[in-house]
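Next up, run_34.csv (CSV, C-alpha atoms):
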```csv
chain,number,residue,atom,x,y,z
M,120,MET,CA,-21.9,-48.5,-182.3
M,121,THR,CA,-20.4,-48.1,-178.8
M,122,THR,CA,-18.4,-51.2,-178.1
M,123,THR,CA,-16.3,-50.6,-175.0
M,124,THR,CA,-17.6,-50.4,-171.4
M,125,SER,CA,-16.3,-46.9,-171.0
M,126,ALA,CA,-17.9,-45.7,-174.2
M,127,ARG,CA,-21.2,-47.3,-173.2
M,128,ARG,CA,-21.1,-45.6,-169.8
M,129,ALA,CA,-20.4,-42.3,-171.4
M,130,ALA,CA,-23.3,-42.8,-173.8
M,131,PHE,CA,-25.6,-43.7,-171.0
M,132,ALA,CA,-24.7,-40.6,-168.9
M,133,ALA,CA,-25.2,-38.5,-172.0
M,134,LEU,CA,-28.7,-39.8,-172.5
M,135,HIS,CA,-29.6,-38.7,-169.0
M,136,ALA,CA,-28.3,-35.2,-169.7
M,137,SER,CA,-30.0,-34.8,-173.1
M,138,GLY,CA,-33.7,-35.0,-172.3
M,139,CYS,CA,-36.4,-37.7,-172.2
M,140,PHE,CA,-35.8,-41.2,-173.5
M,141,VAL,CA,-37.4,-44.7,-173.3
M,142,ILE,CA,-35.4,-47.6,-171.9
M,143,PRO,CA,-37.0,-51.1,-172.3
M,144,ASN,CA,-36.4,-54.1,-170.1
M,145,PRO,CA,-35.0,-57.3,-171.7
M,146,TRP,CA,-35.0,-60.5,-169.6
M,147,ASP,CA,-32.4,-62.5,-171.5
M,148,VAL,CA,-29.9,-62.2,-174.3
M,149,GLY,CA,-32.4,-62.8,-177.1
M,150,SER,CA,-34.8,-60.1,-175.9
M,151,ALA,CA,-31.8,-57.7,-175.4
M,152,ARG,CA,-30.6,-58.2,-178.9
M,153,TYR,CA,-34.1,-57.8,-180.3
M,154,LEU,CA,-34.7,-54.5,-178.5
M,155,GLN,CA,-31.3,-53.2,-179.6
M,156,LYS,CA,-32.3,-54.0,-183.2
M,157,LEU,CA,-35.5,-52.1,-182.8
M,158,GLY,CA,-33.4,-49.0,-182.2
M,159,PHE,CA,-33.5,-48.4,-178.5
M,160,LYS,CA,-30.3,-46.6,-177.4
M,161,ALA,CA,-30.1,-48.2,-173.9
M,162,LEU,CA,-31.5,-51.2,-172.1
M,163,ALA,CA,-32.3,-52.0,-168.4
M,164,THR,CA,-32.5,-55.4,-167.0
M,165,THR,CA,-35.6,-56.5,-165.0
M,166,SER,CA,-35.2,-58.4,-161.7
M,167,ALA,CA,-38.7,-59.9,-162.0
M,168,GLY,CA,-38.4,-60.7,-165.7
M,169,PHE,CA,-35.1,-62.5,-165.3
M,170,ALA,CA,-36.3,-64.4,-162.2
M,171,TRP,CA,-39.4,-65.6,-164.0
M,172,SER,CA,-37.4,-66.6,-167.0
M,173,VAL,CA,-35.5,-69.1,-164.9
M,174,GLY,CA,-38.6,-70.3,-163.0
M,175,ARG,CA,-38.0,-68.3,-159.8
M,176,PRO,CA,-40.1,-65.5,-158.1
M,177,ASP,CA,-39.0,-61.9,-158.1
M,178,ASN,CA,-36.2,-61.5,-155.6
M,179,GLY,CA,-35.7,-65.3,-155.6
M,180,VAL,CA,-32.4,-65.5,-157.5
M,181,SER,CA,-28.9,-65.4,-156.1
M,182,ILE,CA,-26.4,-62.7,-156.7
M,183,GLU,CA,-24.3,-65.2,-158.6
M,184,GLN,CA,-27.1,-65.8,-161.0
M,185,VAL,CA,-27.7,-62.1,-161.4
M,186,LEU,CA,-24.0,-61.3,-162.1
M,187,ALA,CA,-23.9,-64.0,-164.7
M,188,HIS,CA,-27.1,-62.6,-166.3
M,189,LEU,CA,-25.7,-59.1,-166.3
M,190,ARG,CA,-22.4,-60.2,-167.9
M,191,ALA,CA,-24.3,-62.1,-170.6
M,192,VAL,CA,-26.6,-59.3,-171.5
M,193,ALA,CA,-23.9,-56.6,-171.4
M,194,SER,CA,-21.6,-58.6,-173.6
M,195,ALA,CA,-24.3,-59.5,-176.1
M,196,THR,CA,-25.2,-55.9,-177.0
M,197,ASP,CA,-23.5,-52.7,-178.1
M,198,VAL,CA,-25.8,-50.3,-176.3
M,199,PRO,CA,-25.5,-49.3,-172.6
M,200,VAL,CA,-27.2,-51.8,-170.2
M,201,SER,CA,-28.3,-50.7,-166.7
M,202,ALA,CA,-29.0,-53.3,-164.1
M,203,ASP,CA,-31.9,-53.7,-161.8
M,204,PHE,CA,-29.7,-54.7,-158.8
M,205,GLU,CA,-32.6,-55.1,-156.3
M,206,HIS,CA,-31.4,-54.1,-152.8
M,207,ALA,CA,-27.8,-54.9,-153.8
M,208,PHE,CA,-28.2,-58.3,-152.2
M,209,ALA,CA,-27.0,-56.9,-148.9
M,210,ASP,CA,-28.1,-54.9,-145.9
M,211,ALA,CA,-24.9,-53.3,-144.5
M,212,PRO,CA,-23.4,-50.4,-146.5
M,213,GLU,CA,-20.0,-52.0,-146.8
M,214,ASP,CA,-21.6,-55.1,-148.3
M,215,VAL,CA,-23.6,-53.0,-150.7
M,216,ALA,CA,-20.3,-51.4,-151.9
M,217,HIS,CA,-18.7,-54.8,-152.3
M,218,ASN,CA,-21.6,-56.2,-154.4
M,219,VAL,CA,-21.9,-53.1,-156.5
M,220,LYS,CA,-18.3,-53.4,-157.4
M,221,LEU,CA,-18.9,-57.0,-158.5
M,222,ALA,CA,-21.8,-55.8,-160.7
M,223,LEU,CA,-19.9,-53.1,-162.3
M,224,GLU,CA,-17.2,-55.6,-163.3
M,225,THR,CA,-19.8,-57.3,-165.6
M,226,GLY,CA,-19.6,-54.4,-168.1
M,227,ILE,CA,-22.9,-52.7,-167.3
M,228,ALA,CA,-23.3,-49.0,-167.7
M,229,GLY,CA,-25.1,-48.4,-164.5
M,230,LEU,CA,-27.4,-50.0,-161.9
M,231,SER,CA,-30.2,-49.2,-159.5
M,232,VAL,CA,-30.3,-49.8,-155.7
M,233,GLU,CA,-33.6,-50.2,-153.9
M,234,ASP,CA,-34.4,-49.1,-150.3
M,235,SER,CA,-36.6,-52.3,-149.8
M,236,THR,CA,-35.5,-54.8,-147.2
M,237,GLY,CA,-37.4,-57.8,-148.5
M,238,ARG,CA,-39.0,-58.2,-145.0
M,239,SER,CA,-42.7,-57.9,-144.6
M,240,ASP,CA,-42.5,-56.5,-141.0
M,241,GLU,CA,-40.2,-53.7,-142.1
M,242,PRO,CA,-40.4,-53.4,-145.9
M,243,LEU,CA,-38.2,-50.2,-146.2
M,244,TYR,CA,-34.9,-49.3,-144.6
M,245,ASP,CA,-34.9,-46.3,-142.4
M,246,VAL,CA,-34.2,-43.2,-144.5
M,247,ALA,CA,-30.9,-42.4,-142.8
M,248,PHE,CA,-29.6,-46.0,-143.2
M,249,ALA,CA,-30.9,-46.2,-146.8
M,250,ARG,CA,-28.9,-43.0,-147.4
M,251,GLU,CA,-25.8,-44.6,-146.1
M,252,ARG,CA,-26.3,-47.5,-148.5
M,253,ILE,CA,-26.5,-45.2,-151.5
M,254,ALA,CA,-23.4,-43.3,-150.3
M,255,ALA,CA,-21.6,-46.7,-150.1
M,256,ALA,CA,-22.7,-47.5,-153.7
M,257,ARG,CA,-21.6,-44.0,-154.8
M,258,ALA,CA,-18.1,-44.7,-153.3
M,259,ALA,CA,-18.0,-48.0,-155.2
M,260,PHE,CA,-19.0,-46.2,-158.4
M,261,ASP,CA,-16.3,-43.5,-157.9
M,262,ASP,CA,-13.6,-46.2,-157.6
M,263,VAL,CA,-14.5,-47.3,-161.2
M,264,GLY,CA,-13.5,-43.9,-162.6
M,265,ASP,CA,-15.4,-43.9,-165.9
M,266,ARG,CA,-18.7,-42.6,-164.5
M,267,PRO,CA,-21.4,-45.3,-164.7
M,268,VAL,CA,-24.9,-44.1,-163.7
M,269,LEU,CA,-26.2,-44.8,-160.2
M,270,THR,CA,-29.9,-44.8,-159.8
M,271,ALA,CA,-31.5,-44.8,-156.3
M,272,ARG,CA,-35.0,-46.2,-155.9
M,273,ALA,CA,-37.7,-45.3,-153.3
M,274,GLU,CA,-40.0,-48.4,-153.2
M,275,CYS,CA,-42.7,-46.7,-151.1
M,276,PHE,CA,-45.6,-47.2,-153.5
M,277,LEU,CA,-44.7,-50.9,-154.0
M,278,VAL,CA,-45.1,-51.6,-150.3
M,279,GLY,CA,-48.3,-49.6,-149.9
M,280,ARG,CA,-46.8,-46.4,-148.6
M,281,THR,CA,-48.3,-43.7,-150.8
M,282,ASP,CA,-47.3,-40.5,-149.0
M,283,LEU,CA,-45.7,-38.4,-151.6
M,284,ASP,CA,-43.8,-36.4,-149.0
M,285,GLU,CA,-42.0,-39.6,-147.9
M,286,VAL,CA,-41.1,-40.4,-151.5
M,287,ILE,CA,-39.6,-37.0,-151.9
M,288,GLU,CA,-37.8,-37.1,-148.6
M,289,ARG,CA,-36.2,-40.4,-149.6
M,290,LEU,CA,-35.3,-39.4,-153.1
M,291,THR,CA,-33.8,-36.1,-151.9
M,292,ALA,CA,-31.7,-37.9,-149.4
M,293,TYR,CA,-30.5,-40.3,-152.0
M,294,ALA,CA,-29.6,-37.5,-154.4
M,295,GLU,CA,-27.6,-35.9,-151.6
M,296,ALA,CA,-25.8,-39.2,-151.0
M,297,GLY,CA,-24.6,-39.2,-154.6
M,298,ALA,CA,-27.3,-40.9,-156.8
M,299,ASP,CA,-27.1,-39.7,-160.4
M,300,CYS,CA,-30.8,-40.6,-161.1
M,301,LEU,CA,-33.9,-41.2,-159.0
M,302,PHE,CA,-36.7,-43.6,-159.3
M,303,ALA,CA,-40.0,-44.1,-157.4
M,304,PRO,CA,-41.9,-46.9,-159.2
M,305,GLY,CA,-45.6,-46.4,-158.7
M,306,LEU,CA,-46.0,-42.7,-159.6
M,307,ARG,CA,-49.2,-42.7,-161.7
M,308,THR,CA,-50.4,-39.2,-162.3
M,309,ALA,CA,-49.0,-36.2,-164.2
M,310,ASP,CA,-49.3,-34.0,-161.0
M,311,ALA,CA,-47.4,-36.5,-158.9
M,312,ILE,CA,-44.7,-36.9,-161.5
M,313,ARG,CA,-44.4,-33.2,-161.9
M,314,THR,CA,-44.1,-32.6,-158.2
M,315,VAL,CA,-41.3,-35.2,-157.8
M,316,VAL,CA,-39.5,-33.9,-160.9
M,317,ARG,CA,-39.4,-30.4,-159.4
M,318,ALA,CA,-38.3,-31.8,-156.0
M,319,VAL,CA,-35.3,-33.7,-157.3
M,320,SER,CA,-34.3,-31.3,-160.0
M,321,PRO,CA,-31.7,-31.1,-161.5
M,322,LYS,CA,-31.3,-34.8,-161.1
M,323,PRO,CA,-33.2,-36.9,-163.7
M,324,LEU,CA,-36.2,-39.0,-162.7
M,325,ASN,CA,-37.1,-42.4,-164.0
M,326,VAL,CA,-40.8,-42.9,-164.6
M,327,LEU,CA,-42.3,-46.4,-165.1
M,328,MET,CA,-44.5,-46.7,-168.2
M,329,GLY,CA,-48.1,-47.7,-167.4
M,330,SER,CA,-49.0,-44.7,-165.4
M,331,ASN,CA,-52.2,-42.8,-166.1
M,332,ALA,CA,-50.1,-39.9,-167.4
M,333,MET,CA,-48.2,-41.4,-170.3
M,334,SER,CA,-48.5,-43.1,-173.5
M,335,MET,CA,-46.0,-44.2,-176.2
M,336,GLY,CA,-46.5,-42.9,-179.7
M,337,ARG,CA,-44.8,-44.3,-182.8
M,338,ARG,CA,-41.9,-41.8,-182.4
M,339,SER,CA,-41.4,-42.3,-178.7
M,340,SER,CA,-38.7,-45.1,-178.8
M,341,GLN,CA,-35.9,-42.7,-178.1
M,342,SER,CA,-37.4,-39.5,-176.6
M,343,SER,CA,-40.8,-39.9,-175.0
M,344,MET,CA,-40.1,-40.5,-171.3
M,345,PRO,CA,-37.1,-40.8,-168.9
M,346,SER,CA,-36.8,-44.3,-167.7
```
structure tokens encoding of this file:
Amino acid sequence: MTTTTSARRAAFAALHASGCFVIPNPWDVGSARYLQKLGFKALATTSAGFAWSVGRPDNGVSIEQVLAHLRAVASATDVPVSADFEHAFADAPEDVAHNVKLALETGIAGLSVEDSTGRSDEPLYDVAFARERIAAARAAFDDVGDRPVLTARAECFLVGRTDLDEVIERLTAYAEAGADCLFAPGLRTADAIRTVVRAVSPKPLNVLMGSNAMSMGRRSSQSSMPS
């Protein structure tokens, strides 16, 4: 078992370097412990799942609630926990860095930062500004020193922007800004996944289960798909 924060972070980084693996989404301490017992080697929180579990809509909880949730889940399990940290509960890069530091203090092994604004009139940050936000998160990560995993998310598909070129442009920019892993929820075909994997290589790519290109077999709990 990996019991220290540093050990869990090292284990999480090693998983990303060793090939494909499946990472499920607990929404509370009970589901986290159950998924660990099933044999999953890492867990990732879900913003929607947590919000719904406390009777709120997705993106409808406060950063204080999320930090308490992360602390509870990370301390209740022995495996690495990555956090769905939404858009870092901030717009300005300096505020992103501040909030990311608070999240890392909860004992998580990594987190993801979205490029979504939460505003219907302008749902995604401009690419250059979004890149600055990831660079600020990278700086906060580097201050920690034991290498948690930073995932940068391009939310294009979730706001109806399905141009794969834009997805690749954003993910490439975030990789250049220091993201360790990339994620574009909404990729649904093998061809699209293959194209993005090649574009961001050698950085690993998260792929959300439920696409038309994937299925989970009985042996897939540790090695079927990066996530």
Using all atoms listed in the file, can you tell me which of M:Glu213, M:Glu274, M:Asp310, M:Glu224 comes closest to M:Ala193? M:Glu224
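If you measure from each of M:Pro242, M:Gly179, M:Gly229, M:Pro143 to M:Val200 using only C-alpha atoms, the closest one turns out to be M:Gly229.
Among the candidate residues M:Thr236, M:Ser137, M:Ser201, M:Thr225, the one lying nearest to M:Ala161 is M:Ser201, with distances computed using all atoms listed in the file.
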What does the structure give for the distance between atom CA of M:Gly226 and atom CA of M:Arg190, in Å to one decimal? 6.4 Å
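Interatomic distance, atom CA of M:Glu205 against atom CA of M:Asn178: 7.4 Å.
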Write out as a ChimeraX atom specification which residues come within 8 Å of stretch 123-132 of chain M when counting only C-alpha atoms, dropping same-chain ones fewer than 6 positions away. /M:161,197-199,226-229,265-268
Which distance in Å separates atom CA of M:Tyr293 and atom CA of M:Val315, to one decimal?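 Answer for the atom CA of M:Tyr293 to atom CA of M:Val315 separation: 13.3 Å.
The residue that comes closest to M:Pro145, out of M:His188, M:Arg289, M:His217, M:Arg238 and on the basis of all atoms listed in the file, is M:His188.
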I want to know what sits within 12 Å of M:Arg280, based on all atoms listed in the file, with residues of the same chain fewer than 4 positions away left out; could you give that as an MDAnalysis selection string? chainID M and resid 235 241:243 273:276 284:286 303:306
Show me the residues around (-43.3, -37.8, -162.9) - criterion: an atom at most 10 Å away, all atoms listed in the file counted - as a list in words.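 The requested residues, written out, are Phe302, Ala303, Pro304, Gly305, Leu306, Arg307, Thr308, Ala309, Asp310, Ala311, Ile312, Arg313, Thr314, Val315, Val316, Arg317, Leu324, Asn325, Val326, Leu327, Ser330, Ala332, Met333, Met344 and Pro345 of chain M.
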